[in-house]
Amino acid sequence: MKHNLTALLLLVSGALTMSTSAASPVAIVIHAGAGGKGIKMPADKEKQYHETLTKALRAGHAVLIKKGSALEAVQAAIVVMEDSILFNAGKGAVFTSAGENELDASIMDGKTLLAGAVGGVTVIKNPIHAAHAVMKKTPHVMLAGEGADTFAKKVGLEIVPRKYFYTEHRWKQLEQWKAKQKTKEQSQLEMTREYLGTVGCAALDSKGNIAAGTSTGGLTGKQYGRIGDSPIIAAGTYADNASCAISCTGHGEFFIRHAVAFDVSARMKYANETIEQAAKAVVQQTLKKAGGRGGVIGLDTKGNIVMEFNTPAMNRGYIDKNGKLHTAIYK
Ligand code: ASP
């Protein structure tokens with residue numbers, strides 16, 4: 001009898017735990033750039049990628065488990081990737097044609113539709129925090145260049161000398177890019193092939209709110225002053241509790257022209273598509289037809305996850321609502 005009672009109690013408490021987590025699931029999905037030429041990297045390098053993607057996912061997921069917000073989780077995951085030299089964001093960012101690093105980032109809150117972004121910043125260690133500060137501490141959505149750098153200093157974000165962003169492999173990439181600048185067509189082709197490394201995240205928190213963020217150094221050899229899609233709300237990042245949270249990666253000019261992140265959200269809202277259908281249509285039809293290469297990651301408030309890309313590879317991963325962790329690089 002006593003045994004039966006204990007078993008019953010265990011069963012009830014187990015069911016309760018399950019129903020609580022099922023009723024307020026948390027989930028996180030990240031990318032670290034799409035692109036590639038279909039050539040696989042050496043196994044030890046690949047291992048480093050998987051490890052860092054896992055570290056980023058775990059950092060974001062830990063926030064969500066402790067009932068932190070989706071906005072906090074997005075930043076936690078992105079900071080790990082910004083601080084890694086593997087990715088084209090923060091430390092490890094690519095160089096402009098003038099041999100400088102100019103960084104872009106944005107973040108959006110699906111609950112309030114508030115958003116913040118920085119473009120062309122040069123001394124902020126973690127641009128994703130600067131984007132968040134713009135959202136929280138100013139009435140604006142985007143600050144750019146010197147003004148954004150000064151703002152970040154003022155609000156106490158970590159500032160680094162410009163040379164902090166120098167890495168040898170990115171410098172070599174710029175030199176290789178320069179050597180290939182014989183024809184306009186060639187330079188365009190090289191630009192679109194090389195863009196693996198921008199980072200982004202979308203998260204669902206225990207309150208049912210979603211958020212998305214993106215951070216990048218842009219494209220190797222970009223003209224100084226060029227701003228891509230990553231800090232542009234609706235192009236590189238979008239979040240709305242009524243549809244989805246999306247972060248993009250790829251040839252930014254195409255993502256701006258086609259308002260890619262917003263288009264995924266709009267298809268869900270106005271055409272009643274699922275997140276899978278919407279992401280697929282935008283990446284595999286709209287973008288592809290236009291010649292835009294890249295991908296998107298995202299999720300909705302039910303924890304449905306998408307990772308859609310039209311390139312040979314996209315660094316990506318998720319921890320889904322059941323706690324399953326997955327990372328991948330190639331198609
Ligand atoms: N979308 C970024 C840009 O155009 C680059 C990337 O995603 O790799 O700046």
# chains A, B, ... in the order shown; residues from 1 in each chain; ligands from 1
>>> residues_around(residues="region 273-284 of chain A", least_positions_apart="4", cutoff="6 Å", atoms="only C-alpha atoms", output="ChimeraX atom specification")
/A:264,267-268,288,306
>>> write_last_selection(atoms="all heavy atoms", output="PDB file, in the first residue's frame")
ATOM      1  N   VAL A 264       9.834  36.176 -43.974  1.00  0.00           N
ATOM      2  CA  VAL A 264       9.478  34.896 -43.342  1.00  0.00           C
ATOM      3  C   VAL A 264       8.325  35.136 -42.362  1.00  0.00           C
ATOM      4  O   VAL A 264       7.317  34.422 -42.371  1.00  0.00           O
ATOM      5  CB  VAL A 264      10.694  34.264 -42.609  1.00  0.00           C
ATOM      6  CG1 VAL A 264      10.275  32.990 -41.880  1.00  0.00           C
ATOM      7  CG2 VAL A 264      11.832  33.967 -43.590  1.00  0.00           C
ATOM      8  N   ARG A 267       4.966  35.973 -44.233  1.00  0.00           N
ATOM      9  CA  ARG A 267       4.306  34.802 -44.841  1.00  0.00           C
ATOM     10  C   ARG A 267       3.533  34.020 -43.788  1.00  0.00           C
ATOM     11  O   ARG A 267       2.458  33.496 -44.053  1.00  0.00           O
ATOM     12  CB  ARG A 267       5.334  33.904 -45.521  1.00  0.00           C
ATOM     13  CG  ARG A 267       6.006  34.539 -46.734  1.00  0.00           C
ATOM     14  CD  ARG A 267       6.965  33.562 -47.394  1.00  0.00           C
ATOM     15  NE  ARG A 267       6.229  32.593 -48.162  1.00  0.00           N
ATOM     16  CZ  ARG A 267       6.184  32.571 -49.505  1.00  0.00           C
ATOM     17  NH1 ARG A 267       6.878  33.439 -50.203  1.00  0.00           N
ATOM     18  NH2 ARG A 267       5.476  31.665 -50.129  1.00  0.00           N
ATOM     19  N   MET A 268       4.094  33.967 -42.576  1.00  0.00           N
ATOM     20  CA  MET A 268       3.390  33.269 -41.495  1.00  0.00           C
ATOM     21  C   MET A 268       2.133  34.032 -41.084  1.00  0.00           C
ATOM     22  O   MET A 268       1.074  33.456 -40.893  1.00  0.00           O
ATOM     23  CB  MET A 268       4.326  33.106 -40.290  1.00  0.00           C
ATOM     24  CG  MET A 268       5.474  32.144 -40.559  1.00  0.00           C
ATOM     25  SD  MET A 268       6.621  32.045 -39.167  1.00  0.00           S
ATOM     26  CE  MET A 268       5.613  31.191 -37.948  1.00  0.00           C
ATOM     27  N   LYS A 288      16.879  32.497 -53.968  1.00  0.00           N
ATOM     28  CA  LYS A 288      17.607  31.735 -54.987  1.00  0.00           C
ATOM     29  C   LYS A 288      17.364  32.319 -56.375  1.00  0.00           C
ATOM     30  O   LYS A 288      18.302  32.493 -57.157  1.00  0.00           O
ATOM     31  CB  LYS A 288      17.174  30.270 -54.936  1.00  0.00           C
ATOM     32  CG  LYS A 288      18.325  29.308 -55.135  1.00  0.00           C
ATOM     33  CD  LYS A 288      17.839  27.912 -54.903  1.00  0.00           C
ATOM     34  CE  LYS A 288      18.957  26.914 -55.023  1.00  0.00           C
ATOM     35  NZ  LYS A 288      18.469  25.563 -54.714  1.00  0.00           N
ATOM     36  N   VAL A 306      13.654  26.222 -37.430  1.00  0.00           N
ATOM     37  CA  VAL A 306      14.076  26.074 -38.835  1.00  0.00           C
ATOM     38  C   VAL A 306      15.545  26.437 -38.986  1.00  0.00           C
ATOM     39  O   VAL A 306      16.063  27.302 -38.273  1.00  0.00           O
ATOM     40  CB  VAL A 306      13.298  26.966 -39.830  1.00  0.00           C
ATOM     41  CG1 VAL A 306      11.932  26.424 -40.099  1.00  0.00           C
ATOM     42  CG2 VAL A 306      13.282  28.410 -39.393  1.00  0.00           C
TER      43      VAL A 306
END
>>> residues_around(residues="region 73-82 of chain A", least_positions_apart="4", cutoff="10 Å", atoms="only C-alpha atoms", output="count of residues only")
57
>>> residues_around(residues="Ala34 (chain A)", least_positions_apart="5", cutoff="6 Å", atoms="only C-alpha atoms", output="ChimeraX atom specification")
/A:196,249-250,294,313-314
>>> write_last_selection(atoms="C-alpha atoms", output="mmCIF file, in the first residue's frame")
data_model
loop_
_atom_site.group_PDB
_atom_site.id
_atom_site.type_symbol
_atom_site.label_atom_id
_atom_site.label_comp_id
_atom_site.auth_asym_id
_atom_site.auth_seq_id
_atom_site.Cartn_x
_atom_site.Cartn_y
_atom_site.Cartn_z
ATOM 1 C CA LEU A 196 30.858 31.713 -43.771
ATOM 2 C CA THR A 249 23.330 35.040 -42.964
ATOM 3 C CA GLY A 250 24.553 35.383 -46.515
ATOM 4 C CA GLY A 294 22.743 32.254 -47.692
ATOM 5 C CA ALA A 313 27.219 24.724 -45.785
ATOM 6 C CA MET A 314 25.803 26.640 -42.862
#
>>> select_by_dssp(residues="region 49-298 of chain A", states="helix (DSSP H, G or I)", output="number ranges by chain")
A: 49-65, 70-82, 127-137, 145-154, 162-165, 168-179, 184-193, 252-257, 260-271, 275-290
>>> closest_residue(among="A:Ala242, A:Leu325, A:Ile85, A:Val134", to="Tyr164 (chain A)", atoms="only C-alpha atoms")
A:Ile85
>>> closest_residue(among="A:Ala271, A:Val123, A:Ile227, A:Ala117", to="Phe255 (chain A)", atoms="only C-alpha atoms")
A:Ile227
>>> closest_residue(among="A:Gln48, A:Gln223, A:Gln285, A:Ser84", to="ligand 1", atoms="only C-alpha atoms and all ligand atoms")
A:Gln223
>>> closest_residue(among="A:Val296, A:Ala290, A:Ala328, A:Met307", to="ligand 1", atoms="only C-alpha atoms and all ligand atoms")
A:Val296
